[in-house]
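*Asks:* Starting off with a structure, shown below.
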Amino acid sequence: MKDFLTKTAGVVLDLIYPPALYCICCGKIIDASRPYRLCNDCMDSMKWIGERICLKCGKQLTEHNPGDICFSCREHPHQFDRGYTCTEYGTHERAIVFALKYDGRADIAETIGEIMADRMLAEFTNDELTGMYDVVLPVPVHQHKKRTRGYNQAALIAVGFSGRTGVISDAGILVRVKETHVMRSLSPDQRRENIRGAFAVRKHRAEELRGRNIMLIDDIYTTGATIDEIASLLKKAGASRVDFLSFASGADMVKGE
Ligand SMILES: [Zn+2]
Ligand SMILES: [Zn+2]
């Protein structure tokens, strides 16, 4: 009964004051009207992608790069067609992704899906997006990981993205068949080696990929090894176009830096 009364009092307070929420990045109390559930400080500190981006993978170009392709894309030809991203991976972006992946905060996926939808809607209309893409495919996680984590964060992000853009998402076409080592400490070539053969298209779904334009969705993009591996798999299955969208991308780095 006491519990119920506390809850009821809470409901009444919610009607008087806007419900207090917590910043998804630093945990500070914010009010519900804050976009993307971020406090002012975190909103300002996020490394939102600017004007000068790589025309291949979409990451932010450094001022040392006078061209329109990042250093990494110049060195490594890609299997995907075009990439888009929302932020450069820094401390704030990492805090959000870590909470989502390792702290059970599945609710953050919806907000990231919203950020990703806004990223694309800043450049294209809803009609253009649904015309450009037949389906959104989240990068799958291995079933062991899904069992421990309880969800595939990319699949939840894709649902949020899909709800706002109208491009349908489908988490049942791709499957991760190989568990892989943590990629963080590996070189680009080692990453490619590590991820080879890690994904498959479900046999009874393969026919659906023929002639399709696909948008892959993942939380982080670094060297592109994962996206390239999946893009080549999808193209072998007959897909016409494979683009990707990530929440955060690694910085454009000069070799040896
Ligand atoms: Zn904050
Ligand atoms: Zn690039």
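Labels for the structure tokens follow display order: chains A, B, ..., residues from 1 in each chain, ligands from 1.
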What lies within 10 Å of Met120 of chain A using only C-alpha atoms, ignoring chain neighbours under 4 positions off, as a list in words?

*Replies:* Tyr84, Thr85, Cys86, Ile115, Met116, Phe124, Thr125, Asn126, Leu129, Phe161, Thr165 and Leu245 of chain A

*Asks:* Produce a file of the selected residues containing C-alpha atoms, as a tab-separated table (two decimals), in the first residue's frame.

*Replies:*
chain	number	residue	atom	x	y	z
A	84	TYR	CA	27.07	7.97	-43.24
A	85	THR	CA	27.72	8.72	-39.60
A	86	CYS	CA	26.37	11.05	-36.92
A	115	ILE	CA	19.74	10.62	-33.94
A	116	MET	CA	20.51	8.43	-36.97
A	124	PHE	CA	17.14	13.50	-47.69
A	125	THR	CA	13.36	13.60	-47.35
A	126	ASN	CA	11.38	10.61	-46.07
A	129	LEU	CA	14.96	7.61	-48.20
A	161	PHE	CA	15.55	4.41	-37.28
A	165	THR	CA	12.10	7.13	-41.66
A	245	LEU	CA	24.94	4.27	-41.28

*Asks:* Leaving out Ser232 of chain A and any residue of its chain fewer than 3 positions from it, which residues lie within 8 Å of it when counting only C-alpha atoms, given as number ranges by chain?

*Replies:* A: 79-80, 228-229, 235-236

*Asks:* Quick one: residues within 9 Å of Gly163 of chain A, only C-alpha atoms, excluding same-chain residues fewer than 6 positions away - as a list in words?

*Replies:* Gly113, Glu114, Ala117 and Ser169 of chain A

*Asks:* Please run DSSP on the backbone and report, as an MDAnalysis selection string, all residues within segment 148-197 of chain A that come out as alpha helix (DSSP H).

*Replies:* chainID A and resid 148:149 153:165 188:195

*Asks:* Next, write the just-selected residues to a file, as a PDB file, in the first residue's frame, keeping N, CA and C atoms as the atom set.

*Replies:*
ATOM      1  N   THR A 148      23.896 -13.265 -23.632  1.00  0.00           N
ATOM      2  CA  THR A 148      24.450 -12.596 -22.433  1.00  0.00           C
ATOM      3  C   THR A 148      23.931 -11.168 -22.317  1.00  0.00           C
ATOM      4  N   ARG A 149      23.927 -10.451 -23.444  1.00  0.00           N
ATOM      5  CA  ARG A 149      23.530  -9.047 -23.410  1.00  0.00           C
ATOM      6  C   ARG A 149      22.016  -8.897 -23.321  1.00  0.00           C
ATOM      7  N   GLN A 153      22.108  -4.644 -29.950  1.00  0.00           N
ATOM      8  CA  GLN A 153      21.899  -3.192 -29.912  1.00  0.00           C
ATOM      9  C   GLN A 153      21.644  -2.619 -31.303  1.00  0.00           C
ATOM     10  N   ALA A 154      22.319  -3.158 -32.339  1.00  0.00           N
ATOM     11  CA  ALA A 154      22.135  -2.626 -33.693  1.00  0.00           C
ATOM     12  C   ALA A 154      20.715  -2.878 -34.196  1.00  0.00           C
ATOM     13  N   ALA A 155      20.137  -4.023 -33.818  1.00  0.00           N
ATOM     14  CA  ALA A 155      18.768  -4.343 -34.234  1.00  0.00           C
ATOM     15  C   ALA A 155      17.778  -3.375 -33.596  1.00  0.00           C
ATOM     16  N   LEU A 156      18.006  -3.024 -32.334  1.00  0.00           N
ATOM     17  CA  LEU A 156      17.116  -2.073 -31.657  1.00  0.00           C
ATOM     18  C   LEU A 156      17.265  -0.669 -32.250  1.00  0.00           C
ATOM     19  N   ILE A 157      18.502  -0.298 -32.574  1.00  0.00           N
ATOM     20  CA  ILE A 157      18.733   1.004 -33.221  1.00  0.00           C
ATOM     21  C   ILE A 157      17.993   1.040 -34.561  1.00  0.00           C
ATOM     22  N   ALA A 158      18.096  -0.056 -35.316  1.00  0.00           N
ATOM     23  CA  ALA A 158      17.454  -0.130 -36.635  1.00  0.00           C
ATOM     24  C   ALA A 158      15.941   0.030 -36.533  1.00  0.00           C
ATOM     25  N   VAL A 159      15.348  -0.513 -35.483  1.00  0.00           N
ATOM     26  CA  VAL A 159      13.896  -0.378 -35.285  1.00  0.00           C
ATOM     27  C   VAL A 159      13.548   1.100 -35.056  1.00  0.00           C
ATOM     28  N   GLY A 160      14.345   1.777 -34.220  1.00  0.00           N
ATOM     29  CA  GLY A 160      14.130   3.204 -33.965  1.00  0.00           C
ATOM     30  C   GLY A 160      14.286   4.032 -35.227  1.00  0.00           C
ATOM     31  N   PHE A 161      15.292   3.706 -36.013  1.00  0.00           N
ATOM     32  CA  PHE A 161      15.549   4.407 -37.280  1.00  0.00           C
ATOM     33  C   PHE A 161      14.395   4.192 -38.250  1.00  0.00           C
ATOM     34  N   SER A 162      13.974   2.950 -38.337  1.00  0.00           N
ATOM     35  CA  SER A 162      12.910   2.551 -39.250  1.00  0.00           C
ATOM     36  C   SER A 162      11.589   3.250 -38.909  1.00  0.00           C
ATOM     37  N   GLY A 163      11.281   3.328 -37.613  1.00  0.00           N
ATOM     38  CA  GLY A 163      10.040   3.961 -37.174  1.00  0.00           C
ATOM     39  C   GLY A 163       9.954   5.424 -37.575  1.00  0.00           C
ATOM     40  N   ARG A 164      11.100   6.082 -37.684  1.00  0.00           N
ATOM     41  CA  ARG A 164      11.097   7.508 -38.018  1.00  0.00           C
ATOM     42  C   ARG A 164      11.258   7.794 -39.490  1.00  0.00           C
ATOM     43  N   THR A 165      11.843   6.869 -40.243  1.00  0.00           N
ATOM     44  CA  THR A 165      12.099   7.129 -41.662  1.00  0.00           C
ATOM     45  C   THR A 165      11.142   6.375 -42.581  1.00  0.00           C
ATOM     46  N   PRO A 188      44.201  -2.785 -39.145  1.00  0.00           N
ATOM     47  CA  PRO A 188      43.165  -2.954 -40.176  1.00  0.00           C
ATOM     48  C   PRO A 188      43.221  -4.306 -40.878  1.00  0.00           C
ATOM     49  N   ASP A 189      44.449  -4.790 -41.204  1.00  0.00           N
ATOM     50  CA  ASP A 189      44.555  -6.080 -41.891  1.00  0.00           C
ATOM     51  C   ASP A 189      44.139  -7.235 -40.983  1.00  0.00           C
ATOM     52  N   GLN A 190      44.533  -7.143 -39.708  1.00  0.00           N
ATOM     53  CA  GLN A 190      44.148  -8.183 -38.741  1.00  0.00           C
ATOM     54  C   GLN A 190      42.631  -8.203 -38.545  1.00  0.00           C
ATOM     55  N   ARG A 191      42.020  -7.032 -38.572  1.00  0.00           N
ATOM     56  CA  ARG A 191      40.564  -6.948 -38.422  1.00  0.00           C
ATOM     57  C   ARG A 191      39.867  -7.668 -39.572  1.00  0.00           C
ATOM     58  N   ARG A 192      40.388  -7.437 -40.793  1.00  0.00           N
ATOM     59  CA  ARG A 192      39.799  -8.085 -41.962  1.00  0.00           C
ATOM     60  C   ARG A 192      39.921  -9.608 -41.867  1.00  0.00           C
ATOM     61  N   GLU A 193      41.092 -10.044 -41.418  1.00  0.00           N
ATOM     62  CA  GLU A 193      41.342 -11.475 -41.262  1.00  0.00           C
ATOM     63  C   GLU A 193      40.402 -12.065 -40.193  1.00  0.00           C
ATOM     64  N   ASN A 194      40.271 -11.347 -39.107  1.00  0.00           N
ATOM     65  CA  ASN A 194      39.485 -11.775 -37.947  1.00  0.00           C
ATOM     66  C   ASN A 194      37.992 -11.922 -38.279  1.00  0.00           C
ATOM     67  N   ILE A 195      37.505 -11.059 -39.153  1.00  0.00           N
ATOM     68  CA  ILE A 195      36.057 -10.987 -39.409  1.00  0.00           C
ATOM     69  C   ILE A 195      35.636 -11.852 -40.616  1.00  0.00           C
TER      70      ILE A 195
END

*Asks:* Given a cut-off of 10 Å, what residues near ligand 1 show up using only C-alpha atoms and all ligand atoms, put as a VMD selection string?

*Replies:* chain A and resid 22 to 30 37 to 46 92

*Asks:* For the residues selected in the previous step, produce a file with all heavy atoms as a short mmCIF file (atom, residue, chain, number, x, y, z; two decimals), in the first residue's frame.

*Replies:*
data_model
loop_
_atom_site.label_atom_id
_atom_site.label_comp_id
_atom_site.auth_asym_id
_atom_site.auth_seq_id
_atom_site.Cartn_x
_atom_site.Cartn_y
_atom_site.Cartn_z
N TYR A 22 17.14 11.42 -16.98
CA TYR A 22 18.59 11.48 -16.79
C TYR A 22 19.28 11.54 -18.14
O TYR A 22 18.87 10.85 -19.07
CB TYR A 22 19.06 10.26 -16.00
CG TYR A 22 18.37 10.15 -14.67
CD1 TYR A 22 17.20 9.40 -14.52
CD2 TYR A 22 18.85 10.86 -13.57
CE1 TYR A 22 16.54 9.34 -13.31
CE2 TYR A 22 18.20 10.81 -12.35
CZ TYR A 22 17.04 10.05 -12.22
OH TYR A 22 16.40 10.00 -11.02
N CYS A 23 20.30 12.36 -18.22
CA CYS A 23 21.11 12.46 -19.45
C CYS A 23 21.67 11.07 -19.76
O CYS A 23 22.25 10.42 -18.88
CB CYS A 23 22.23 13.47 -19.24
SG CYS A 23 23.43 13.51 -20.58
N ILE A 24 21.51 10.61 -21.00
CA ILE A 24 21.97 9.26 -21.36
C ILE A 24 23.50 9.17 -21.38
O ILE A 24 24.06 8.09 -21.44
CB ILE A 24 21.42 8.77 -22.72
CG1 ILE A 24 21.78 9.73 -23.86
CG2 ILE A 24 19.92 8.54 -22.65
CD1 ILE A 24 21.57 9.14 -25.25
N CYS A 25 24.16 10.32 -21.31
CA CYS A 25 25.63 10.33 -21.37
C CYS A 25 26.25 10.46 -19.99
O CYS A 25 27.10 9.65 -19.61
CB CYS A 25 26.06 11.46 -22.29
SG CYS A 25 27.81 11.50 -22.60
N CYS A 26 25.84 11.46 -19.19
CA CYS A 26 26.51 11.70 -17.90
C CYS A 26 25.62 11.39 -16.70
O CYS A 26 26.08 11.39 -15.57
CB CYS A 26 26.99 13.15 -17.82
SG CYS A 26 25.65 14.33 -17.63
N GLY A 27 24.32 11.14 -16.93
CA GLY A 27 23.43 10.77 -15.83
C GLY A 27 22.82 11.94 -15.07
O GLY A 27 22.05 11.73 -14.13
N LYS A 28 23.15 13.15 -15.46
CA LYS A 28 22.59 14.34 -14.81
C LYS A 28 21.08 14.41 -15.05
O LYS A 28 20.59 13.98 -16.09
CB LYS A 28 23.26 15.57 -15.43
CG LYS A 28 23.28 16.81 -14.54
CD LYS A 28 23.76 18.03 -15.30
CE LYS A 28 25.25 17.99 -15.62
NZ LYS A 28 25.67 19.12 -16.51
N ILE A 29 20.35 14.95 -14.07
CA ILE A 29 18.89 15.09 -14.25
C ILE A 29 18.59 16.16 -15.30
O ILE A 29 19.17 17.24 -15.29
CB ILE A 29 18.20 15.44 -12.92
CG1 ILE A 29 18.30 14.25 -11.95
CG2 ILE A 29 16.74 15.82 -13.13
CD1 ILE A 29 17.63 14.46 -10.62
N ILE A 30 17.70 15.81 -16.21
CA ILE A 30 17.31 16.76 -17.26
C ILE A 30 15.79 16.75 -17.35
O ILE A 30 15.15 15.87 -16.78
CB ILE A 30 17.90 16.35 -18.64
CG1 ILE A 30 17.53 14.90 -18.97
CG2 ILE A 30 19.40 16.57 -18.66
CD1 ILE A 30 17.87 14.49 -20.38
N ARG A 37 17.63 13.22 -25.13
CA ARG A 37 17.87 12.94 -23.71
C ARG A 37 19.32 13.26 -23.31
O ARG A 37 19.96 12.51 -22.57
CB ARG A 37 17.54 11.47 -23.40
CG ARG A 37 16.06 11.16 -23.62
CD ARG A 37 15.66 9.85 -23.00
NE ARG A 37 16.15 8.72 -23.75
CZ ARG A 37 16.42 7.54 -23.21
NH1 ARG A 37 16.31 7.34 -21.91
NH2 ARG A 37 16.82 6.54 -23.95
N LEU A 38 19.82 14.37 -23.81
CA LEU A 38 21.18 14.81 -23.46
C LEU A 38 21.08 16.14 -22.72
O LEU A 38 20.30 17.00 -23.10
CB LEU A 38 22.01 15.01 -24.73
CG LEU A 38 22.46 13.76 -25.48
CD1 LEU A 38 23.02 14.13 -26.85
CD2 LEU A 38 23.51 12.98 -24.68
N CYS A 39 21.91 16.31 -21.67
CA CYS A 39 21.95 17.60 -20.99
C CYS A 39 22.67 18.60 -21.89
O CYS A 39 23.29 18.23 -22.88
CB CYS A 39 22.66 17.46 -19.64
SG CYS A 39 24.45 17.26 -19.76
N ASN A 40 22.58 19.86 -21.55
CA ASN A 40 23.21 20.91 -22.35
C ASN A 40 24.70 20.68 -22.58
O ASN A 40 25.18 20.81 -23.71
CB ASN A 40 23.06 22.27 -21.63
CG ASN A 40 21.94 23.07 -22.26
OD1 ASN A 40 21.73 23.01 -23.47
ND2 ASN A 40 21.22 23.81 -21.44
N ASP A 41 25.40 20.34 -21.48
CA ASP A 41 26.85 20.16 -21.57
C ASP A 41 27.20 19.03 -22.54
O ASP A 41 28.08 19.17 -23.39
CB ASP A 41 27.45 19.82 -20.19
CG ASP A 41 27.40 21.02 -19.27
OD1 ASP A 41 27.19 22.15 -19.78
OD2 ASP A 41 27.56 20.84 -18.04
N CYS A 42 26.52 17.88 -22.38
CA CYS A 42 26.83 16.74 -23.24
C CYS A 42 26.44 17.04 -24.69
O CYS A 42 27.16 16.67 -25.62
CB CYS A 42 26.15 15.48 -22.73
SG CYS A 42 26.88 14.91 -21.17
N MET A 43 25.31 17.70 -24.87
CA MET A 43 24.87 18.08 -26.22
C MET A 43 25.97 18.89 -26.92
O MET A 43 26.30 18.66 -28.07
CB MET A 43 23.58 18.88 -26.11
CG MET A 43 22.91 19.13 -27.44
SD MET A 43 22.43 17.59 -28.22
CE MET A 43 20.81 17.99 -28.77
N ASP A 44 26.55 19.85 -26.16
CA ASP A 44 27.59 20.72 -26.73
C ASP A 44 28.91 19.99 -26.90
O ASP A 44 29.72 20.36 -27.76
CB ASP A 44 27.83 21.94 -25.82
CG ASP A 44 26.63 22.88 -25.83
OD1 ASP A 44 25.76 22.73 -26.72
OD2 ASP A 44 26.56 23.76 -24.95
N SER A 45 29.17 18.98 -26.05
CA SER A 45 30.47 18.30 -26.12
C SER A 45 30.50 17.15 -27.11
O SER A 45 31.58 16.66 -27.45
CB SER A 45 30.85 17.75 -24.74
OG SER A 45 30.78 18.76 -23.78
N MET A 46 29.34 16.71 -27.56
CA MET A 46 29.31 15.63 -28.55
C MET A 46 29.98 16.12 -29.83
O MET A 46 29.84 17.28 -30.22
CB MET A 46 27.86 15.24 -28.89
CG MET A 46 27.11 14.63 -27.73
SD MET A 46 27.34 12.85 -27.58
CE MET A 46 26.45 12.28 -29.02
N HIS A 92 32.37 11.20 -25.05
CA HIS A 92 30.93 11.24 -24.82
C HIS A 92 30.21 10.16 -25.61
O HIS A 92 29.31 9.49 -25.11
CB HIS A 92 30.36 12.62 -25.16
CG HIS A 92 30.76 13.67 -24.17
ND1 HIS A 92 32.04 14.18 -24.13
CD2 HIS A 92 30.07 14.27 -23.18
CE1 HIS A 92 32.11 15.05 -23.14
NE2 HIS A 92 30.93 15.13 -22.55
#

*Asks:* Give me, as a PyMOL selection string, the set of residues whose atoms come within 7 Å of any atom of ligand 2, counting only C-alpha atoms and all ligand atoms.

*Replies:* chain A and resi 54-59+69-73

*Asks:* Pull C-alpha atoms from the residues just selected and write them as a PDB file, in the first residue's frame.

*Replies:*
ATOM      1  CA  CYS A  54      34.631  11.739 -46.446  1.00  0.00           C
ATOM      2  CA  LEU A  55      32.531  11.166 -49.560  1.00  0.00           C
ATOM      3  CA  LYS A  56      33.073   7.413 -49.231  1.00  0.00           C
ATOM      4  CA  CYS A  57      32.680   6.473 -45.543  1.00  0.00           C
ATOM      5  CA  GLY A  58      31.150   9.689 -44.189  1.00  0.00           C
ATOM      6  CA  LYS A  59      33.627  10.309 -41.354  1.00  0.00           C
ATOM      7  CA  ILE A  69      38.212  11.232 -49.144  1.00  0.00           C
ATOM      8  CA  CYS A  70      39.634  10.286 -45.721  1.00  0.00           C
ATOM      9  CA  PHE A  71      43.119   8.825 -45.301  1.00  0.00           C
ATOM     10  CA  SER A  72      41.741   5.415 -44.395  1.00  0.00           C
ATOM     11  CA  CYS A  73      39.494   5.179 -47.487  1.00  0.00           C
TER      12      CYS A  73
END

*Asks:* Going by DSSP on the backbone, which bits of segment 142-216 of chain A are strand (DSSP E or B)? Write them as a PyMOL selection string, please.

*Replies:* chain A and resi 169+174-176+199-201+213-216

*Asks:* Between A:Gly172, A:Gly90, A:Gly166, A:Gly50, which residue has the minimum interatomic distance to Gly131 of chain A, considering only C-alpha atoms?

*Replies:*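 The answer is A:Gly166, which sits nearest to Gly131 of chain A.
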
*Asks:* What is the distance, in Å and to one decimal place, between atom CA of Gln60 of chain A and atom CA of Arg176 of chain A?

*Replies:*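 Going from atom CA of Gln60 of chain A over to atom CA of Arg176 of chain A, I get 29.1 Å.
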
*Asks:* Counting only C-alpha atoms, which residues in segment 62-173 of chain A sit no more than 6 Å from segment 205-225 of chain A? For each one, give the nearest pair of atoms and the distance in Å, sorted by chain then residue number, as a tab-separated table.

*Replies:*
residue	atom	partner	partner_atom	distance
A:Tyr133	CA	A:Asn213	CA	5.0
A:Asp134	CA	A:Asn213	CA	5.4
A:Val135	CA	A:Ile214	CA	5.4
A:Val136	CA	A:Met215	CA	4.7
A:Leu137	CA	A:Leu216	CA	4.9
A:Pro138	CA	A:Ile217	CA	4.6
A:Val139	CA	A:Asp218	CA	5.7
A:Ala154	CA	A:Asp218	CA	5.2
A:Ile173	CA	A:Arg205	CA	5.9

*Asks:* Would you write out those residues with N, CA and C atoms, as an mmCIF file, in the first residue's frame?

*Replies:*
data_model
loop_
_atom_site.group_PDB
_atom_site.id
_atom_site.type_symbol
_atom_site.label_atom_id
_atom_site.label_comp_id
_atom_site.auth_asym_id
_atom_site.auth_seq_id
_atom_site.Cartn_x
_atom_site.Cartn_y
_atom_site.Cartn_z
ATOM 1 N N TYR A 133 16.283 3.165 -50.346
ATOM 2 C CA TYR A 133 16.568 1.898 -49.649
ATOM 3 C C TYR A 133 15.343 0.998 -49.565
ATOM 4 N N ASP A 134 15.563 -0.270 -49.896
ATOM 5 C CA ASP A 134 14.487 -1.254 -49.777
ATOM 6 C C ASP A 134 14.386 -1.767 -48.347
ATOM 7 N N VAL A 135 15.528 -1.864 -47.684
ATOM 8 C CA VAL A 135 15.529 -2.453 -46.350
ATOM 9 C C VAL A 135 16.763 -2.000 -45.548
ATOM 10 N N VAL A 136 16.569 -1.932 -44.241
ATOM 11 C CA VAL A 136 17.659 -1.630 -43.313
ATOM 12 C C VAL A 136 18.027 -2.939 -42.609
ATOM 13 N N LEU A 137 19.316 -3.295 -42.653
ATOM 14 C CA LEU A 137 19.756 -4.521 -41.981
ATOM 15 C C LEU A 137 20.730 -4.172 -40.847
ATOM 16 N N PRO A 138 20.405 -4.529 -39.616
ATOM 17 C CA PRO A 138 21.365 -4.312 -38.533
ATOM 18 C C PRO A 138 22.500 -5.327 -38.610
ATOM 19 N N VAL A 139 23.705 -4.900 -38.250
ATOM 20 C CA VAL A 139 24.826 -5.843 -38.165
ATOM 21 C C VAL A 139 24.507 -6.832 -37.040
ATOM 22 N N ALA A 154 22.319 -3.158 -32.339
ATOM 23 C CA ALA A 154 22.135 -2.626 -33.693
ATOM 24 C C ALA A 154 20.715 -2.878 -34.196
ATOM 25 N N ILE A 173 17.604 -11.527 -41.732
ATOM 26 C CA ILE A 173 18.243 -11.929 -42.983
ATOM 27 C C ILE A 173 19.702 -12.321 -42.752
#

*Asks:* Mind giving me the straight-line distance from atom CA of Gly104 of chain A to atom CA of Gly150 of chain A in Å, one decimal?

*Replies:* 8.0 Å

*Asks:* State, in Å with one decimal place, the distance from atom CA of Val175 of chain A to atom CA of Arg94 of chain A.

*Replies:*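 These two atoms are separated by 25.5 Å.
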